[in-house]
>>> print(open('model26.csv').read())   # CSV, C-alpha atoms
chain,number,residue,atom,x,y,z
C,62,MET,CA,24.4,-157.4,209.1
C,63,ASN,CA,25.8,-154.6,211.3
C,64,ARG,CA,28.0,-152.8,208.7
C,65,LEU,CA,26.4,-149.5,209.6
C,66,ALA,CA,26.5,-150.0,213.4
C,67,GLY,CA,27.1,-146.7,215.2
C,68,LYS,CA,26.1,-144.6,212.2
C,69,VAL,CA,23.3,-142.0,212.0
C,70,ALA,CA,21.4,-141.2,208.8
C,71,ILE,CA,18.8,-138.7,207.7
C,72,VAL,CA,16.4,-140.0,205.1
C,73,THR,CA,14.1,-137.4,203.5
C,74,GLY,CA,10.7,-138.3,202.0
C,75,ALA,CA,10.6,-141.5,204.2
C,76,ARG,CA,7.0,-142.0,205.3
C,77,ARG,CA,6.4,-144.7,202.6
C,78,GLY,CA,7.7,-146.2,199.4
C,79,ILE,CA,11.4,-146.0,198.5
C,80,GLY,CA,12.2,-143.7,201.4
C,81,LEU,CA,10.8,-146.0,204.1
C,82,GLY,CA,12.4,-149.0,202.4
C,83,ILE,CA,15.8,-147.3,202.7
C,84,ALA,CA,15.2,-146.5,206.3
C,85,GLU,CA,14.2,-150.1,207.0
C,86,ARG,CA,17.4,-151.4,205.3
C,87,LEU,CA,19.6,-148.9,207.2
C,88,VAL,CA,18.2,-149.9,210.5
C,89,ALA,CA,18.6,-153.6,209.6
C,90,ASP,CA,22.3,-152.8,208.9
C,91,GLY,CA,22.7,-151.3,212.3
C,92,ALA,CA,22.2,-147.5,211.7
C,93,LYS,CA,20.0,-145.1,213.6
C,94,VAL,CA,17.7,-143.0,211.3
C,95,VAL,CA,15.8,-139.7,211.3
C,96,LEU,CA,12.9,-139.7,208.9
C,97,THR,CA,11.3,-136.6,207.3
C,98,ALA,CA,8.2,-136.0,205.3
C,99,ARG,CA,5.2,-133.7,205.5
C,100,LYS,CA,2.6,-135.9,207.4
C,101,PRO,CA,3.4,-136.6,211.0
C,102,GLU,CA,0.9,-139.4,211.4
C,103,ALA,CA,2.5,-141.5,208.7
C,104,LEU,CA,6.0,-140.8,210.1
C,105,GLU,CA,4.9,-141.8,213.6
C,106,GLN,CA,3.7,-145.1,212.2
C,107,ALA,CA,7.0,-145.5,210.4
C,108,VAL,CA,9.0,-144.9,213.6
C,109,ALA,CA,6.8,-147.4,215.5
C,110,HIS,CA,7.5,-149.9,212.8
C,111,LEU,CA,11.3,-149.3,212.9
C,112,GLY,CA,11.5,-149.1,216.7
C,113,ALA,CA,11.8,-146.0,218.8
C,114,ASP,CA,15.3,-146.9,219.8
C,115,ASN,CA,16.3,-146.9,216.1
C,116,ALA,CA,14.4,-144.1,214.6
C,117,ALA,CA,13.0,-140.6,215.1
C,118,PHE,CA,11.1,-138.3,212.8
C,119,VAL,CA,10.7,-134.6,212.1
C,120,ALA,CA,7.7,-133.6,210.0
C,121,GLY,CA,7.9,-130.7,207.5
C,122,ALA,CA,8.5,-129.6,203.9
C,123,SER,CA,11.7,-130.8,202.4
C,124,ASP,CA,12.5,-127.4,200.9
C,125,ASP,CA,11.9,-125.5,204.1
C,126,ALA,CA,15.3,-124.4,205.5
C,127,ALA,CA,14.0,-124.3,209.1
C,128,HIS,CA,12.8,-127.9,208.8
C,129,GLN,CA,16.2,-128.9,207.5
C,130,ASP,CA,17.9,-127.3,210.5
C,131,GLU,CA,15.5,-128.9,212.9
C,132,THR,CA,16.0,-132.4,211.4
C,133,ILE,CA,19.8,-132.2,211.5
C,134,ALA,CA,19.7,-130.9,215.1
C,135,THR,CA,17.4,-133.8,216.0
C,136,ALA,CA,19.8,-136.3,214.5
C,137,ILE,CA,22.7,-134.9,216.5
C,138,SER,CA,20.9,-134.5,219.8
C,139,ARG,CA,19.0,-137.7,219.7
C,140,PHE,CA,21.6,-140.1,218.3
C,141,GLY,CA,24.9,-138.3,218.8
C,142,GLY,CA,25.9,-137.3,215.3
C,143,LEU,CA,25.2,-137.4,211.6
C,144,ASP,CA,27.1,-139.6,209.2
C,145,PHE,CA,24.8,-140.2,206.2
C,146,LEU,CA,22.3,-138.2,204.2
C,147,VAL,CA,19.8,-139.7,201.8
C,148,ASN,CA,18.1,-137.1,199.6
C,149,ASN,CA,15.1,-139.1,198.6
C,150,THR,CA,12.3,-136.5,198.4
C,151,GLY,CA,11.0,-135.9,195.0
C,152,ILE,CA,7.8,-134.4,193.5
C,153,ASN,CA,6.1,-134.6,190.1
C,154,PRO,CA,2.8,-132.6,190.3
C,155,THR,CA,2.3,-132.6,186.5
C,156,TYR,CA,1.9,-135.3,183.8
C,157,GLY,CA,1.9,-134.3,180.2
C,158,ARG,CA,4.0,-132.7,177.5
C,159,MET,CA,6.7,-130.4,178.6
C,160,ILE,CA,6.0,-127.9,175.8
C,161,GLU,CA,2.5,-127.3,177.3
C,162,MET,CA,3.3,-127.3,181.0
C,163,ASP,CA,2.7,-124.4,183.4
C,164,LEU,CA,6.1,-123.0,184.5
C,165,GLU,CA,5.1,-122.6,188.2
C,166,PRO,CA,5.0,-126.4,188.8
C,167,ALA,CA,8.3,-126.6,186.8
C,168,ARG,CA,9.9,-124.2,189.3
C,169,LYS,CA,8.5,-126.1,192.3
C,170,ILE,CA,9.9,-129.4,190.8
C,171,PHE,CA,13.4,-127.9,190.6
C,172,GLU,CA,13.1,-126.3,194.0
C,173,VAL,CA,12.2,-129.6,195.8
C,174,ASN,CA,14.1,-132.1,193.6
C,175,VAL,CA,17.4,-130.2,193.1
C,176,LEU,CA,17.8,-127.1,195.3
C,177,ALA,CA,16.4,-128.7,198.4
C,178,ALA,CA,18.8,-131.7,198.0
C,179,LEU,CA,21.7,-129.2,197.7
C,180,SER,CA,20.5,-127.3,200.7
C,181,TRP,CA,20.2,-130.5,202.8
C,182,THR,CA,23.8,-131.4,201.8
C,183,GLN,CA,25.1,-128.0,202.6
C,184,LYS,CA,23.6,-128.0,206.1
C,185,ALA,CA,24.7,-131.6,206.8
C,186,TYR,CA,28.2,-130.7,205.7
C,187,ALA,CA,28.3,-127.7,208.0
C,188,ALA,CA,26.8,-129.4,211.0
C,189,SER,CA,28.8,-132.7,210.9
C,190,LEU,CA,30.2,-134.1,207.7
C,191,ARG,CA,32.9,-131.4,207.2
C,192,ASP,CA,34.6,-132.4,210.4
C,193,ASN,CA,33.7,-136.1,210.6
C,194,GLY,CA,33.4,-137.3,207.1
C,195,GLY,CA,30.5,-139.4,205.8
C,196,ALA,CA,28.5,-140.2,202.7
C,197,VAL,CA,25.5,-138.8,200.8
C,198,VAL,CA,23.2,-140.6,198.4
C,199,ASN,CA,20.8,-138.8,196.1
C,200,VAL,CA,17.8,-140.6,194.7
C,201,ALA,CA,17.6,-139.7,191.0
C,202,SER,CA,15.8,-141.6,188.3
C,203,VAL,CA,16.4,-143.2,184.9
C,204,ALA,CA,14.2,-140.4,183.7
C,205,GLY,CA,17.2,-138.2,184.4
C,206,VAL,CA,19.4,-140.4,182.1
C,207,LYS,CA,17.3,-140.4,179.0
C,208,PRO,CA,14.1,-138.6,177.9
C,209,ALA,CA,10.9,-139.7,179.7
C,210,PRO,CA,7.8,-138.6,177.7
C,211,MET,CA,5.0,-137.1,179.8
C,212,ILE,CA,7.3,-136.6,182.9
C,213,GLY,CA,9.9,-134.5,181.1
C,214,MET,CA,10.4,-131.8,183.7
C,215,TYR,CA,10.7,-134.4,186.5
C,216,GLY,CA,13.4,-136.1,184.3
C,217,ALA,CA,15.2,-132.8,183.8
C,218,SER,CA,15.3,-132.2,187.5
C,219,LYS,CA,16.7,-135.6,188.1
C,220,SER,CA,19.3,-135.0,185.4
C,221,ALA,CA,20.3,-131.9,187.3
C,222,LEU,CA,20.5,-133.8,190.5
C,223,ILE,CA,22.9,-136.3,188.9
C,224,HIS,CA,25.1,-133.5,187.9
C,225,VAL,CA,24.9,-131.9,191.4
C,226,THR,CA,26.0,-135.3,192.7
C,227,GLU,CA,29.1,-135.3,190.4
C,228,GLU,CA,30.0,-131.8,191.3
C,229,LEU,CA,29.7,-132.4,195.1
C,230,ALA,CA,31.7,-135.6,194.8
C,231,LEU,CA,34.6,-133.6,193.5
C,232,GLU,CA,34.2,-130.8,196.0
C,233,LEU,CA,33.9,-133.0,199.1
C,234,ALA,CA,36.4,-135.7,198.4
C,235,PRO,CA,38.4,-137.3,199.9
C,236,THR,CA,36.5,-137.4,203.3
C,237,ILE,CA,32.9,-137.4,202.0
C,238,ARG,CA,31.6,-139.6,199.2
C,239,VAL,CA,28.6,-138.5,197.2
C,240,ASN,CA,26.7,-140.9,194.9
C,241,ALA,CA,23.3,-141.3,193.4
C,242,VAL,CA,20.9,-144.1,192.4
C,243,ALA,CA,18.6,-143.9,189.4
C,244,PRO,CA,15.6,-146.3,189.8
C,245,ALA,CA,13.4,-147.3,186.9
C,246,VAL,CA,9.7,-147.8,187.8
C,247,VAL,CA,9.3,-149.0,191.4
C,248,LYS,CA,6.0,-150.2,192.7
C,249,THR,CA,5.0,-147.2,194.9
C,250,LYS,CA,2.1,-144.9,195.1
C,251,PHE,CA,4.3,-142.1,193.7
C,252,ALA,CA,4.9,-144.0,190.5
C,253,SER,CA,1.4,-145.6,190.2
C,254,ALA,CA,0.5,-143.6,187.1
C,255,LEU,CA,3.3,-145.3,185.2
C,256,PHE,CA,2.1,-148.9,185.8
C,257,GLU,CA,-1.3,-149.1,187.5
C,258,GLY,CA,-3.7,-151.4,185.7
C,259,ARG,CA,-1.0,-152.5,183.3
C,260,GLU,CA,1.9,-153.8,185.4
C,261,ALA,CA,2.5,-157.0,183.4
C,262,GLU,CA,2.6,-154.9,180.2
C,263,VAL,CA,5.1,-152.4,181.6
C,264,ALA,CA,7.2,-155.1,183.1
C,265,GLU,CA,7.6,-156.9,179.8
C,266,ALA,CA,10.0,-154.1,178.7
C,267,TYR,CA,12.4,-155.1,181.5
C,268,PRO,CA,14.9,-157.9,180.9
C,269,LEU,CA,14.2,-159.1,184.5
C,270,LYS,CA,10.5,-159.1,183.7
C,271,ARG,CA,9.3,-157.3,186.8
C,272,LEU,CA,9.1,-153.8,188.2
C,273,GLY,CA,11.2,-152.7,191.1
C,274,GLU,CA,10.3,-152.8,194.8
C,275,PRO,CA,11.5,-150.4,197.5
C,276,LYS,CA,13.9,-153.0,198.9
C,277,ASP,CA,15.7,-153.2,195.5
C,278,ILE,CA,16.6,-149.6,195.8
C,279,ALA,CA,17.3,-149.7,199.5
C,280,SER,CA,19.9,-152.4,199.3
C,281,VAL,CA,21.9,-150.3,196.8
C,282,VAL,CA,21.6,-147.2,198.8
C,283,ALA,CA,22.9,-149.0,201.9
C,284,PHE,CA,25.8,-150.4,199.9
C,285,LEU,CA,26.8,-146.9,198.7
C,286,LEU,CA,26.7,-145.5,202.2
C,287,SER,CA,28.7,-148.4,203.6
C,288,ASP,CA,32.5,-148.9,203.6
C,289,ASP,CA,31.8,-151.7,201.0
C,290,ALA,CA,31.6,-148.7,198.6
C,291,ALA,CA,34.7,-146.9,200.1
C,292,TRP,CA,36.2,-146.4,196.6
C,293,ILE,CA,33.1,-145.2,194.9
C,294,THR,CA,32.2,-141.5,194.6
C,295,GLY,CA,30.5,-139.4,192.0
C,296,LYS,CA,28.6,-142.3,190.4
C,297,CYS,CA,25.0,-142.7,189.5
C,298,LEU,CA,24.0,-146.4,189.7
C,299,GLU,CA,21.0,-147.4,187.5
C,300,VAL,CA,18.8,-149.8,189.5
C,301,ASP,CA,16.5,-150.7,186.7
C,302,GLY,CA,16.0,-154.4,186.1
C,303,GLY,CA,18.0,-154.1,182.9
C,304,LEU,CA,15.8,-151.5,181.3
C,305,MET,CA,18.6,-149.2,180.3
C,306,LEU,CA,20.5,-151.9,178.4
C,307,PRO,CA,21.1,-151.1,174.8
>>> encode(input="model26.csv", output="structure tokens")
Amino acid sequence: MNRLAGKVAIVTGARRGIGLGIAERLVADGAKVVLTARKPEALEQAVAHLGADNAAFVAGASDDAAHQDETIATAISRFGGLDFLVNNTGINPTYGRMIEMDLEPARKIFEVNVLAALSWTQKAYAASLRDNGGAVVNVASVAGVKPAPMIGMYGASKSALIHVTEELALELAPTIRVNAVAPAVVKTKFASALFEGREAEVAEAYPLKRLGEPKDIASVVAFLLSDDAAWITGKCLEVDGGLMLP
């Protein structure tokens, strides 16, 4: 498929897991991608895997404004433009009851999971999307749709991200579409605490009887960025193996 041929995307948090899976799918669909994450060695390996003609990387912290500027400038200088933004970076440094959590990690969760995504979008808009159109996909979570015990602040941040998605969809229409995806548990290192050592037990709660894989999320993100989703904006698609069914 070449439905994204000639398009350029930034994917944040893309050194492994869902982010790298999204980058792989976008390249398979014909796009050029710029990957971001903190660790340059892993990003260098990811670019080698994707092909230097198809991908570049900029290492840095997702909530660092200078890093955001450098990444956007790299996309435009290296590949000639910027059409798509995938805000995939997310952190959850705590696990436990919200009532007992330290507020400093809570502030950092919102800084990275919500405010950084907004900042990336603002900068992409100013640099390219405002004049040329495009699409944004934010990676949220089913934890942002209903309460998620022990990861409550993470869920609250993803709920906020879903609302930011809706607000931006209204503000940026009709030339820029903004959507989100809400994965359930996907088999990544980031989510390992939710299933490691008991995968079969956790998967039993899913109508499709398995946990997600990065490619399950990547295919939906690629759809939402593409013209196949040209009449979809402001939506959060649950990609959950049926978990959220009543």
>>> residues_near_point(input="model26.csv", point="(14.6, -152.4, 195.4)", cutoff="12 Å", atoms="only C-alpha atoms", output="MDAnalysis selection string")
chainID C and resid 78:83 85:86 242:249 271:283 299:302
>>> write_last_selection(input="model26.csv", atoms="C-alpha atoms", output="compact mmCIF listing (two decimals), in the frame of the given file")
# COMPACT_ATOMS: atom_id res chain seq x y z
CA GLY C 78 7.70 -146.20 199.40
CA ILE C 79 11.40 -146.00 198.50
CA GLY C 80 12.20 -143.70 201.40
CA LEU C 81 10.80 -146.00 204.10
CA GLY C 82 12.40 -149.00 202.40
CA ILE C 83 15.80 -147.30 202.70
CA GLU C 85 14.20 -150.10 207.00
CA ARG C 86 17.40 -151.40 205.30
CA VAL C 242 20.90 -144.10 192.40
CA ALA C 243 18.60 -143.90 189.40
CA PRO C 244 15.60 -146.30 189.80
CA ALA C 245 13.40 -147.30 186.90
CA VAL C 246 9.70 -147.80 187.80
CA VAL C 247 9.30 -149.00 191.40
CA LYS C 248 6.00 -150.20 192.70
CA THR C 249 5.00 -147.20 194.90
CA ARG C 271 9.30 -157.30 186.80
CA LEU C 272 9.10 -153.80 188.20
CA GLY C 273 11.20 -152.70 191.10
CA GLU C 274 10.30 -152.80 194.80
CA PRO C 275 11.50 -150.40 197.50
CA LYS C 276 13.90 -153.00 198.90
CA ASP C 277 15.70 -153.20 195.50
CA ILE C 278 16.60 -149.60 195.80
CA ALA C 279 17.30 -149.70 199.50
CA SER C 280 19.90 -152.40 199.30
CA VAL C 281 21.90 -150.30 196.80
CA VAL C 282 21.60 -147.20 198.80
CA ALA C 283 22.90 -149.00 201.90
CA GLU C 299 21.00 -147.40 187.50
CA VAL C 300 18.80 -149.80 189.50
CA ASP C 301 16.50 -150.70 186.70
CA GLY C 302 16.00 -154.40 186.10
>>> residues_around(input="model26.csv", residues="stretch 66-77 of chain C", least_positions_apart="4", cutoff="7 Å", atoms="all atoms listed in the file", output="ChimeraX atom specification")
/C:81,84,90-98,103-104,107,140,142-150
>>> write_last_selection(input="model26.csv", atoms="C-alpha atoms", output="PDB file, in the frame of the given file")
ATOM      1  CA  LEU C  81      10.800-146.000 204.100  1.00  0.00           C
ATOM      2  CA  ALA C  84      15.200-146.500 206.300  1.00  0.00           C
ATOM      3  CA  ASP C  90      22.300-152.800 208.900  1.00  0.00           C
ATOM      4  CA  GLY C  91      22.700-151.300 212.300  1.00  0.00           C
ATOM      5  CA  ALA C  92      22.200-147.500 211.700  1.00  0.00           C
ATOM      6  CA  LYS C  93      20.000-145.100 213.600  1.00  0.00           C
ATOM      7  CA  VAL C  94      17.700-143.000 211.300  1.00  0.00           C
ATOM      8  CA  VAL C  95      15.800-139.700 211.300  1.00  0.00           C
ATOM      9  CA  LEU C  96      12.900-139.700 208.900  1.00  0.00           C
ATOM     10  CA  THR C  97      11.300-136.600 207.300  1.00  0.00           C
ATOM     11  CA  ALA C  98       8.200-136.000 205.300  1.00  0.00           C
ATOM     12  CA  ALA C 103       2.500-141.500 208.700  1.00  0.00           C
ATOM     13  CA  LEU C 104       6.000-140.800 210.100  1.00  0.00           C
ATOM     14  CA  ALA C 107       7.000-145.500 210.400  1.00  0.00           C
ATOM     15  CA  PHE C 140      21.600-140.100 218.300  1.00  0.00           C
ATOM     16  CA  GLY C 142      25.900-137.300 215.300  1.00  0.00           C
ATOM     17  CA  LEU C 143      25.200-137.400 211.600  1.00  0.00           C
ATOM     18  CA  ASP C 144      27.100-139.600 209.200  1.00  0.00           C
ATOM     19  CA  PHE C 145      24.800-140.200 206.200  1.00  0.00           C
ATOM     20  CA  LEU C 146      22.300-138.200 204.200  1.00  0.00           C
ATOM     21  CA  VAL C 147      19.800-139.700 201.800  1.00  0.00           C
ATOM     22  CA  ASN C 148      18.100-137.100 199.600  1.00  0.00           C
ATOM     23  CA  ASN C 149      15.100-139.100 198.600  1.00  0.00           C
ATOM     24  CA  THR C 150      12.300-136.500 198.400  1.00  0.00           C
TER      25      THR C 150
END
>>> closest_residue(input="model26.csv", among="C:Arg191, C:Arg158, C:Arg238, C:Lys296", to="C:Leu222", atoms="only C-alpha atoms")
C:Lys296
>>> closest_residue(input="model26.csv", among="C:Met214, C:Ile237, C:Glu262, C:Gly295", to="C:Tyr156", atoms="only C-alpha atoms")
C:Met214
>>> atom_distance(input="model26.csv", atom1="atom CA of C:Ala116", atom2="atom CA of C:Val88")
8.1 Å
>>> residues_near_point(input="model26.csv", point="(32.4, -148.4, 206.5)", cutoff="7 Å", atoms="only C-alpha atoms", output="ChimeraX atom specification")
/C:64-65,287-289,291
>>> atom_distance(input="model26.csv", atom1="atom CA of C:Glu102", atom2="atom CA of C:Glu131")
18.0 Å
>>> residues_around(input="model26.csv", residues="C:Thr236", least_positions_apart="4", cutoff="10 Å", atoms="only C-alpha atoms", output="list in words")
Leu190, Arg191, Asp192, Asn193, Gly194, Gly195, Ala196 and Ala230 of chain C
>>> residues_around(input="model26.csv", residues="C:Thr135", least_positions_apart="2", cutoff="9 Å", atoms="only C-alpha atoms", output="MDAnalysis selection string")
chainID C and resid 95 117:119 130:133 137:140
>>> atom_distance(input="model26.csv", atom1="atom CA of C:Leu304", atom2="atom CA of C:Leu269")
8.4 Å
>>> build_atoms(input="model26.csv", residues="stretch 216-246 of chain C", atoms="N, CA and C atoms", output="tab-separated table (two decimals), keeping the file's coordinate frame")
chain	number	residue	atom	x	y	z
C	216	GLY	N	12.14	-135.51	184.83
C	216	GLY	CA	13.40	-136.10	184.30
C	216	GLY	C	14.50	-135.03	184.27
C	217	ALA	N	14.16	-133.82	183.84
C	217	ALA	CA	15.20	-132.80	183.80
C	217	ALA	C	15.71	-132.44	185.17
C	218	SER	N	14.83	-132.46	186.17
C	218	SER	CA	15.30	-132.20	187.50
C	218	SER	C	16.20	-133.31	188.04
C	219	LYS	N	15.91	-134.53	187.67
C	219	LYS	CA	16.70	-135.60	188.10
C	219	LYS	C	18.08	-135.66	187.37
C	220	SER	N	18.07	-135.20	186.13
C	220	SER	CA	19.30	-135.00	185.40
C	220	SER	C	20.20	-134.00	186.10
C	221	ALA	N	19.59	-132.91	186.52
C	221	ALA	CA	20.30	-131.90	187.30
C	221	ALA	C	20.85	-132.43	188.57
C	222	LEU	N	20.05	-133.26	189.25
C	222	LEU	CA	20.50	-133.80	190.50
C	222	LEU	C	21.69	-134.75	190.32
C	223	ILE	N	21.71	-135.48	189.22
C	223	ILE	CA	22.90	-136.30	188.90
C	223	ILE	C	24.11	-135.47	188.74
C	224	HIS	N	23.96	-134.34	188.05
C	224	HIS	CA	25.10	-133.50	187.90
C	224	HIS	C	25.55	-132.83	189.19
C	225	VAL	N	24.60	-132.44	190.03
C	225	VAL	CA	24.90	-131.90	191.40
C	225	VAL	C	25.72	-132.99	192.13
C	226	THR	N	25.32	-134.24	192.01
C	226	THR	CA	26.00	-135.30	192.70
C	226	THR	C	27.49	-135.37	192.24
C	227	GLU	N	27.73	-135.28	190.95
C	227	GLU	CA	29.10	-135.30	190.40
C	227	GLU	C	29.92	-134.14	190.91
C	228	GLU	N	29.33	-132.96	190.88
C	228	GLU	CA	30.00	-131.80	191.30
C	228	GLU	C	30.41	-131.86	192.81
C	229	LEU	N	29.44	-132.27	193.63
C	229	LEU	CA	29.70	-132.40	195.10
C	229	LEU	C	30.72	-133.46	195.38
C	230	ALA	N	30.70	-134.54	194.60
C	230	ALA	CA	31.70	-135.60	194.80
C	230	ALA	C	33.10	-135.05	194.65
C	231	LEU	N	33.30	-134.20	193.65
C	231	LEU	CA	34.60	-133.60	193.50
C	231	LEU	C	34.95	-132.60	194.58
C	232	GLU	N	33.97	-131.80	194.96
C	232	GLU	CA	34.20	-130.80	196.00
C	232	GLU	C	34.50	-131.36	197.35
C	233	LEU	N	33.84	-132.45	197.69
C	233	LEU	CA	33.90	-133.00	199.10
C	233	LEU	C	34.86	-134.11	199.27
C	234	ALA	N	35.43	-134.64	198.20
C	234	ALA	CA	36.40	-135.70	198.40
C	234	ALA	C	37.67	-135.07	199.07
C	235	PRO	N	38.43	-135.86	199.83
C	235	PRO	CA	38.40	-137.30	199.90
C	235	PRO	C	37.58	-137.83	201.13
C	236	THR	N	37.07	-136.94	202.00
C	236	THR	CA	36.50	-137.40	203.30
C	236	THR	C	35.00	-137.68	203.20
C	237	ILE	N	34.34	-137.16	202.16
C	237	ILE	CA	32.90	-137.40	202.00
C	237	ILE	C	32.64	-137.90	200.62
C	238	ARG	N	31.92	-139.01	200.54
C	238	ARG	CA	31.60	-139.60	199.20
C	238	ARG	C	30.12	-139.19	198.90
C	239	VAL	N	29.89	-138.87	197.63
C	239	VAL	CA	28.60	-138.50	197.20
C	239	VAL	C	28.22	-139.28	195.93
C	240	ASN	N	27.15	-140.04	196.01
C	240	ASN	CA	26.70	-140.90	194.90
C	240	ASN	C	25.20	-140.73	194.70
C	241	ALA	N	24.71	-141.35	193.65
C	241	ALA	CA	23.30	-141.30	193.40
C	241	ALA	C	22.82	-142.69	192.89
C	242	VAL	N	21.54	-142.93	193.01
C	242	VAL	CA	20.90	-144.10	192.40
C	242	VAL	C	19.84	-143.59	191.44
C	243	ALA	N	19.65	-144.31	190.35
C	243	ALA	CA	18.60	-143.90	189.40
C	243	ALA	C	17.69	-145.12	189.18
C	244	PRO	N	16.61	-145.17	189.93
C	244	PRO	CA	15.60	-146.30	189.80
C	244	PRO	C	14.84	-146.13	188.49
C	245	ALA	N	14.44	-147.27	187.95
C	245	ALA	CA	13.40	-147.30	186.90
C	245	ALA	C	12.06	-147.33	187.70
C	246	VAL	N	11.01	-147.85	187.11
C	246	VAL	CA	9.70	-147.80	187.80
C	246	VAL	C	9.70	-148.79	188.97
